[in-house]
file final-v6.pdb (PDB, C-alpha atoms)
ATOM      1  CA  MET A   1      63.632  91.128  29.474  1.00  0.00           C
ATOM      2  CA  SER A   2      63.579  90.980  25.670  1.00  0.00           C
ATOM      3  CA  GLU A   3      60.385  90.986  23.635  1.00  0.00           C
ATOM      4  CA  PHE A   4      61.096  87.374  22.663  1.00  0.00           C
ATOM      5  CA  SER A   5      61.392  86.382  26.322  1.00  0.00           C
ATOM      6  CA  ILE A   6      58.174  88.165  27.241  1.00  0.00           C
ATOM      7  CA  HIS A   7      56.184  86.470  24.444  1.00  0.00           C
ATOM      8  CA  HIS A   8      57.795  83.134  25.231  1.00  0.00           C
ATOM      9  CA  LYS A   9      56.796  83.457  28.908  1.00  0.00           C
ATOM     10  CA  ILE A  10      53.224  84.445  27.971  1.00  0.00           C
ATOM     11  CA  ARG A  11      52.859  81.410  25.686  1.00  0.00           C
ATOM     12  CA  ALA A  12      54.328  79.043  28.295  1.00  0.00           C
ATOM     13  CA  ASP A  13      51.995  80.479  30.952  1.00  0.00           C
ATOM     14  CA  GLN A  14      48.999  79.983  28.628  1.00  0.00           C
ATOM     15  CA  LEU A  15      49.896  76.317  28.189  1.00  0.00           C
ATOM     16  CA  THR A  16      50.607  75.825  31.877  1.00  0.00           C
ATOM     17  CA  ASN A  17      47.296  77.359  32.937  1.00  0.00           C
ATOM     18  CA  TYR A  18      45.425  75.313  30.332  1.00  0.00           C
ATOM     19  CA  VAL A  19      46.944  72.003  31.439  1.00  0.00           C
ATOM     20  CA  ILE A  20      46.504  72.797  35.142  1.00  0.00           C
ATOM     21  CA  GLY A  21      42.854  73.543  34.368  1.00  0.00           C
ATOM     22  CA  LEU A  22      42.520  70.126  32.709  1.00  0.00           C
ATOM     23  CA  ILE A  23      44.204  68.453  35.671  1.00  0.00           C
ATOM     24  CA  GLU A  24      41.795  70.224  38.038  1.00  0.00           C
ATOM     25  CA  GLY A  25      38.820  68.944  36.026  1.00  0.00           C
ATOM     26  CA  LYS A  26      37.724  72.210  34.421  1.00  0.00           C
ATOM     27  CA  LYS A  27      35.921  72.166  31.079  1.00  0.00           C
ATOM     28  CA  GLY A  28      38.383  71.792  28.213  1.00  0.00           C
ATOM     29  CA  LEU A  29      36.473  73.907  25.685  1.00  0.00           C
ATOM     30  CA  GLU A  30      36.229  76.802  28.106  1.00  0.00           C
ATOM     31  CA  LEU A  31      39.951  76.539  28.834  1.00  0.00           C
ATOM     32  CA  LEU A  32      40.764  76.503  25.109  1.00  0.00           C
ATOM     33  CA  ASP A  33      38.944  79.810  24.676  1.00  0.00           C
ATOM     34  CA  LYS A  34      40.206  81.388  27.892  1.00  0.00           C
ATOM     35  CA  TYR A  35      43.881  80.687  27.138  1.00  0.00           C
ATOM     36  CA  ARG A  36      43.595  81.037  23.326  1.00  0.00           C
ATOM     37  CA  ILE A  37      45.227  77.628  22.812  1.00  0.00           C
ATOM     38  CA  VAL A  38      44.035  77.115  19.241  1.00  0.00           C
ATOM     39  CA  GLU A  39      44.816  80.641  18.000  1.00  0.00           C
ATOM     40  CA  THR A  40      48.293  80.989  19.504  1.00  0.00           C
ATOM     41  CA  GLN A  41      51.334  79.908  17.486  1.00  0.00           C
ATOM     42  CA  PHE A  42      53.152  77.878  20.110  1.00  0.00           C
ATOM     43  CA  GLN A  43      56.763  76.835  19.694  1.00  0.00           C
ATOM     44  CA  PRO A  44      58.421  73.600  20.820  1.00  0.00           C
ATOM     45  CA  VAL A  45      60.341  75.427  23.561  1.00  0.00           C
ATOM     46  CA  ASP A  46      56.982  76.490  25.075  1.00  0.00           C
ATOM     47  CA  ILE A  47      56.191  72.812  25.616  1.00  0.00           C
ATOM     48  CA  LEU A  48      59.477  72.270  27.452  1.00  0.00           C
ATOM     49  CA  VAL A  49      58.732  75.143  29.808  1.00  0.00           C
ATOM     50  CA  LEU A  50      55.192  73.827  30.327  1.00  0.00           C
ATOM     51  CA  PHE A  51      56.533  70.510  31.598  1.00  0.00           C
ATOM     52  CA  ASP A  52      59.090  72.233  33.807  1.00  0.00           C
ATOM     53  CA  ASN A  53      56.269  74.267  35.340  1.00  0.00           C
ATOM     54  CA  LEU A  54      54.167  71.153  35.951  1.00  0.00           C
ATOM     55  CA  PHE A  55      57.060  69.216  37.481  1.00  0.00           C
ATOM     56  CA  ASP A  56      57.928  72.196  39.673  1.00  0.00           C
ATOM     57  CA  GLN A  57      54.386  72.007  41.071  1.00  0.00           C
ATOM     58  CA  ASN A  58      54.848  68.282  41.836  1.00  0.00           C
ATOM     59  CA  TYR A  59      51.926  66.954  39.831  1.00  0.00           C
ATOM     60  CA  ASP A  60      51.812  63.178  39.503  1.00  0.00           C
ATOM     61  CA  ILE A  61      53.441  62.058  36.277  1.00  0.00           C
ATOM     62  CA  GLU A  62      50.440  59.975  35.165  1.00  0.00           C
ATOM     63  CA  VAL A  63      48.154  62.982  35.650  1.00  0.00           C
ATOM     64  CA  ILE A  64      50.555  65.092  33.576  1.00  0.00           C
ATOM     65  CA  LYS A  65      50.597  62.447  30.822  1.00  0.00           C
ATOM     66  CA  THR A  66      46.805  62.325  30.600  1.00  0.00           C
ATOM     67  CA  ALA A  67      46.488  66.109  30.339  1.00  0.00           C
ATOM     68  CA  SER A  68      49.424  66.428  27.945  1.00  0.00           C
ATOM     69  CA  ASN A  69      47.898  63.867  25.574  1.00  0.00           C
ATOM     70  CA  LYS A  70      44.854  66.123  25.273  1.00  0.00           C
ATOM     71  CA  LEU A  71      47.102  69.118  24.651  1.00  0.00           C
ATOM     72  CA  PHE A  72      49.164  67.359  21.985  1.00  0.00           C
ATOM     73  CA  ASN A  73      46.016  66.331  20.113  1.00  0.00           C
ATOM     74  CA  ILE A  74      45.185  70.036  19.855  1.00  0.00           C
ATOM     75  CA  LEU A  75      48.694  71.346  19.127  1.00  0.00           C
ATOM     76  CA  TYR A  76      49.854  68.602  16.767  1.00  0.00           C
ATOM     77  CA  LYS A  77      49.325  70.559  13.541  1.00  0.00           C
ATOM     78  CA  ASN A  78      50.757  73.752  14.986  1.00  0.00           C
ATOM     79  CA  LEU A  79      53.932  72.090  16.258  1.00  0.00           C
ATOM     80  CA  SER A  80      54.387  69.892  13.198  1.00  0.00           C
ATOM     81  CA  GLN A  81      54.909  73.047  11.120  1.00  0.00           C
ATOM     82  CA  TYR A  82      58.338  73.541  12.669  1.00  0.00           C
ATOM     83  CA  ARG A  83      61.021  72.436  10.289  1.00  0.00           C
ATOM     84  CA  ARG A  84      63.261  69.650  11.471  1.00  0.00           C
ATOM     85  CA  THR A  85      66.925  70.506  11.818  1.00  0.00           C
ATOM     86  CA  ASP A  86      69.136  69.141   9.054  1.00  0.00           C
ATOM     87  CA  TYR A  87      71.901  67.030  10.549  1.00  0.00           C
ATOM     88  CA  PRO A  88      75.211  66.074   8.925  1.00  0.00           C
ATOM     89  CA  ARG A  89      74.753  62.982   6.744  1.00  0.00           C
ATOM     90  CA  ASN A  90      75.429  59.690   8.585  1.00  0.00           C
ATOM     91  CA  SER A  91      75.729  61.421  11.972  1.00  0.00           C
ATOM     92  CA  VAL A  92      73.923  59.799  14.916  1.00  0.00           C
ATOM     93  CA  LEU A  93      71.213  62.470  14.861  1.00  0.00           C
ATOM     94  CA  TYR A  94      70.801  62.101  11.088  1.00  0.00           C
ATOM     95  CA  LEU A  95      70.305  58.340  11.477  1.00  0.00           C
ATOM     96  CA  LEU A  96      67.871  58.785  14.368  1.00  0.00           C
ATOM     97  CA  ALA A  97      65.888  61.324  12.331  1.00  0.00           C
ATOM     98  CA  LYS A  98      65.810  58.858   9.440  1.00  0.00           C
ATOM     99  CA  ASP A  99      64.523  56.176  11.829  1.00  0.00           C
ATOM    100  CA  ASN A 100      61.835  58.599  12.998  1.00  0.00           C
ATOM    101  CA  ALA A 101      60.693  59.055   9.405  1.00  0.00           C
ATOM    102  CA  GLY A 102      60.497  55.257   8.998  1.00  0.00           C
ATOM    103  CA  ILE A 103      58.538  54.880  12.214  1.00  0.00           C
ATOM    104  CA  LYS A 104      56.149  57.645  11.188  1.00  0.00           C
ATOM    105  CA  LYS A 105      55.537  55.972   7.831  1.00  0.00           C
ATOM    106  CA  HIS A 106      54.999  52.577   9.473  1.00  0.00           C
ATOM    107  CA  LEU A 107      52.562  53.970  12.039  1.00  0.00           C
ATOM    108  CA  GLY A 108      50.733  55.830   9.304  1.00  0.00           C
ATOM    109  CA  SER A 109      50.052  52.545   7.517  1.00  0.00           C
ATOM    110  CA  ALA A 110      48.810  50.966  10.774  1.00  0.00           C
ATOM    111  CA  ARG A 111      46.613  53.954  11.648  1.00  0.00           C
ATOM    112  CA  LYS A 112      43.563  52.787   9.686  1.00  0.00           C
ATOM    113  CA  TYR A 113      43.558  49.457  11.549  1.00  0.00           C
ATOM    114  CA  ILE A 114      43.964  51.171  14.897  1.00  0.00           C
ATOM    115  CA  LYS A 115      40.991  53.397  14.064  1.00  0.00           C
ATOM    116  CA  LEU A 116      38.964  50.300  13.184  1.00  0.00           C
ATOM    117  CA  LEU A 117      39.350  49.174  16.793  1.00  0.00           C
ATOM    118  CA  ASN A 118      37.052  52.030  17.786  1.00  0.00           C
ATOM    119  CA  GLN A 119      34.303  50.553  15.613  1.00  0.00           C
ATOM    120  CA  SER A 120      34.669  46.824  16.155  1.00  0.00           C
ATOM    121  CA  VAL A 121      37.297  44.302  17.094  1.00  0.00           C
ATOM    122  CA  SER A 122      37.273  41.856  14.211  1.00  0.00           C
ATOM    123  CA  PRO A 123      39.755  38.983  13.949  1.00  0.00           C
ATOM    124  CA  GLU A 124      41.057  40.499  10.692  1.00  0.00           C
ATOM    125  CA  THR A 125      41.796  43.839  12.338  1.00  0.00           C
ATOM    126  CA  ILE A 126      43.537  42.150  15.268  1.00  0.00           C
ATOM    127  CA  ALA A 127      45.596  39.969  12.911  1.00  0.00           C
ATOM    128  CA  ARG A 128      46.647  42.993  10.856  1.00  0.00           C
ATOM    129  CA  LEU A 129      47.647  44.940  13.961  1.00  0.00           C
ATOM    130  CA  ILE A 130      49.648  42.002  15.293  1.00  0.00           C
ATOM    131  CA  GLU A 131      51.588  41.924  12.016  1.00  0.00           C
ATOM    132  CA  ASP A 132      52.096  45.696  12.120  1.00  0.00           C
ATOM    133  CA  PHE A 133      53.426  45.551  15.657  1.00  0.00           C
ATOM    134  CA  LYS A 134      55.707  42.638  14.801  1.00  0.00           C
ATOM    135  CA  ARG A 135      57.166  44.730  11.971  1.00  0.00           C
ATOM    136  CA  ALA A 136      57.486  47.631  14.387  1.00  0.00           C
ATOM    137  CA  GLU A 137      59.836  45.564  16.557  1.00  0.00           C
ATOM    138  CA  ARG A 138      62.660  46.388  14.143  1.00  0.00           C
ATOM    139  CA  PHE A 139      62.494  49.938  15.494  1.00  0.00           C
ATOM    140  CA  THR A 140      63.273  48.738  19.028  1.00  0.00           C
ATOM    141  CA  ILE A 141      66.971  49.439  18.482  1.00  0.00           C
ATOM    142  CA  HIS A 142      66.053  53.053  17.706  1.00  0.00           C
ATOM    143  CA  TYR A 143      64.406  53.435  21.102  1.00  0.00           C
ATOM    144  CA  THR A 144      67.239  51.599  22.833  1.00  0.00           C
ATOM    145  CA  VAL A 145      69.714  54.104  21.397  1.00  0.00           C
ATOM    146  CA  MET A 146      67.449  57.008  22.346  1.00  0.00           C
ATOM    147  CA  GLU A 147      66.972  55.733  25.883  1.00  0.00           C
ATOM    148  CA  ASN A 148      70.528  54.578  26.589  1.00  0.00           C
ATOM    149  CA  VAL A 149      72.613  57.075  24.605  1.00  0.00           C
ATOM    150  CA  VAL A 150      70.755  60.202  23.532  1.00  0.00           C
ATOM    151  CA  PHE A 151      68.528  60.861  26.558  1.00  0.00           C
ATOM    152  CA  PRO A 152      71.278  60.436  29.177  1.00  0.00           C
ATOM    153  CA  GLU A 153      73.467  62.804  27.174  1.00  0.00           C
ATOM    154  CA  ILE A 154      70.670  65.362  26.993  1.00  0.00           C
ATOM    155  CA  GLU A 155      70.002  65.003  30.721  1.00  0.00           C
ATOM    156  CA  ARG A 156      73.693  65.526  31.502  1.00  0.00           C
ATOM    157  CA  ASN A 157      74.015  68.634  29.371  1.00  0.00           C
ATOM    158  CA  TRP A 158      70.556  70.184  29.573  1.00  0.00           C
ATOM    159  CA  GLU A 159      69.889  70.447  33.276  1.00  0.00           C
ATOM    160  CA  LYS A 160      67.217  73.126  33.050  1.00  0.00           C
ATOM    161  CA  HIS A 161      64.439  71.140  31.375  1.00  0.00           C
ATOM    162  CA  GLN A 162      62.778  68.183  33.045  1.00  0.00           C
ATOM    163  CA  CYS A 163      60.651  66.970  30.114  1.00  0.00           C
ATOM    164  CA  LEU A 164      62.597  63.721  29.825  1.00  0.00           C
ATOM    165  CA  LYS A 165      60.999  62.591  33.085  1.00  0.00           C
ATOM    166  CA  LEU A 166      57.733  62.389  31.201  1.00  0.00           C
ATOM    167  CA  MET A 167      59.175  60.598  28.195  1.00  0.00           C
ATOM    168  CA  LEU A 168      60.980  58.038  30.347  1.00  0.00           C
ATOM    169  CA  SER A 169      58.326  57.630  33.057  1.00  0.00           C
ATOM    170  CA  LYS A 170      56.805  54.493  31.529  1.00  0.00           C
ATOM    171  CA  ARG A 171      57.453  53.172  28.115  1.00  0.00           C
ATOM    172  CA  SER A 172      54.360  54.091  26.221  1.00  0.00           C
ATOM    173  CA  TRP A 173      55.796  52.658  23.032  1.00  0.00           C
ATOM    174  CA  ASN A 174      56.843  49.046  23.358  1.00  0.00           C
ATOM    175  CA  PRO A 175      56.320  47.278  20.035  1.00  0.00           C
ATOM    176  CA  SER A 176      57.176  43.813  21.296  1.00  0.00           C
ATOM    177  CA  GLY A 177      54.969  44.205  24.353  1.00  0.00           C
ATOM    178  CA  MET A 178      52.115  45.597  22.275  1.00  0.00           C
ATOM    179  CA  GLY A 179      52.208  42.627  19.920  1.00  0.00           C
ATOM    180  CA  LYS A 180      51.918  40.305  22.912  1.00  0.00           C
ATOM    181  CA  LYS A 181      48.965  42.317  24.241  1.00  0.00           C
ATOM    182  CA  MET A 182      47.222  42.104  20.867  1.00  0.00           C
ATOM    183  CA  LYS A 183      47.750  38.328  20.711  1.00  0.00           C
ATOM    184  CA  HIS A 184      46.339  37.986  24.194  1.00  0.00           C
ATOM    185  CA  HIS A 185      43.340  40.187  23.324  1.00  0.00           C
ATOM    186  CA  SER A 186      42.591  38.151  20.234  1.00  0.00           C
ATOM    187  CA  GLY A 187      42.765  34.909  22.212  1.00  0.00           C
ATOM    188  CA  SER A 188      45.514  33.492  19.996  1.00  0.00           C
ATOM    189  CA  GLU A 189      48.045  33.072  22.761  1.00  0.00           C
TER
END

call {"tool": "encode", "arguments": {"input": "final-v6.pdb", "output": "structure tokens"}}
result
Amino acid sequence: MSEFSIHHKIRADQLTNYVIGLIEGKKGLELLDKYRIVETQFQPVDILVLFDNLFDQNYDIEVIKTASNKLFNILYKNLSQYRRTDYPRNSVLYLLAKDNAGIKKHLGSARKYIKLLNQSVSPETIARLIEDFKRAERFTIHYTVMENVVFPEIERNWEKHQCLKLMLSKRSWNPSGMGKKMKHHSGSE
């Protein structure tokens, strides 16, 4: 086994043990220290192996999602340091990456209003979020392409990793549905 493979396996095992600990209800801070989650420079492929390990152990997908959300909050900065691949101009992947940049920018502008929900739910905040989610509906085509074209192609050609199960388990991003929920919450429907 190469040195790369050994280090890769160690990192994936650290993540797996950390997330299993969260699932089993152990204290998160203790797990962070025990498995050196903050100090270790994880790579995106480590995350793929983590999810394969969890699916192989037949954990419920909703339990995996809850624990993985905690993990991603911790690893976000580490993983965001990885440079995106440059795709040929006007290729499908180039256009999807460009859409991702637009979505990221849009969500960044909505972030301050989402954070305000933690403090109070004012009619102004709700109205602003409804408008933001309405504007987000234009990105629905992006997710339709991802779900109906890109993901099936990845699943067909990348049999080893099961991470798409998590991404496709329930649509956690549904701009049109979210706008309806916000209207309902604000009593304007």

call {"tool": "residues_around", "arguments": {"input": "final-v6.pdb", "residues": "region 81-95 of chain A", "least_positions_apart": "2", "cutoff": "12 Å", "atoms": "only C-alpha atoms", "output": "JSON, numbers by chain"}}
result
{"A": [41, 42, 43, 44, 45, 75, 76, 77, 78, 79, 97, 98, 99, 100, 101, 102, 141, 142, 145, 146, 149, 150]}

call {"tool": "residues_around", "arguments": {"input": "final-v6.pdb", "residues": "His106 (chain A)", "least_positions_apart": "6", "cutoff": "9 Å", "atoms": "all atoms listed in the file", "output": "ChimeraX atom specification"}}
result
/A:132,135-136

call {"tool": "resolve_selection", "arguments": {"input": "final-v6.pdb", "expression": "the PyMOL selection byres ((chain A and resi 10-19) around 10)", "output": "PyMOL selection string"}}
result
chain A and resi 4-9+20-26+28+30-37+40-43+45-54+64+66-68+70-71

call {"tool": "atom_distance", "arguments": {"input": "final-v6.pdb", "atom1": "CA of Ile114 (chain A)", "atom2": "CA of Leu129 (chain A)"}}
result
7.3 Å

call {"tool": "atom_distance", "arguments": {"input": "final-v6.pdb", "atom1": "CA of Lys27 (chain A)", "atom2": "CA of Phe72 (chain A)"}}
result
16.8 Å

call {"tool": "atom_distance", "arguments": {"input": "final-v6.pdb", "atom1": "CA of Ser80 (chain A)", "atom2": "CA of Thr140 (chain A)"}}
result
23.7 Å

call {"tool": "axis_aligned_box", "arguments": {"input": "final-v6.pdb", "around": "region 46-57 of chain A", "padding_each_side": "3 Å", "output": "AutoDock Vina command-line options"}}
result
--center_x 56.8 --center_y 72.9 --center_z 33.1 --size_x 11.3 --size_y 13.3 --size_z 22.0

call {"tool": "residues_around", "arguments": {"input": "final-v6.pdb", "residues": "Tyr113 (chain A)", "least_positions_apart": "3", "cutoff": "8 Å", "atoms": "all atoms listed in the file", "output": "list in words"}}
result
Ala110, Leu116, Leu117, Thr125, Arg128 and Leu129 of chain A
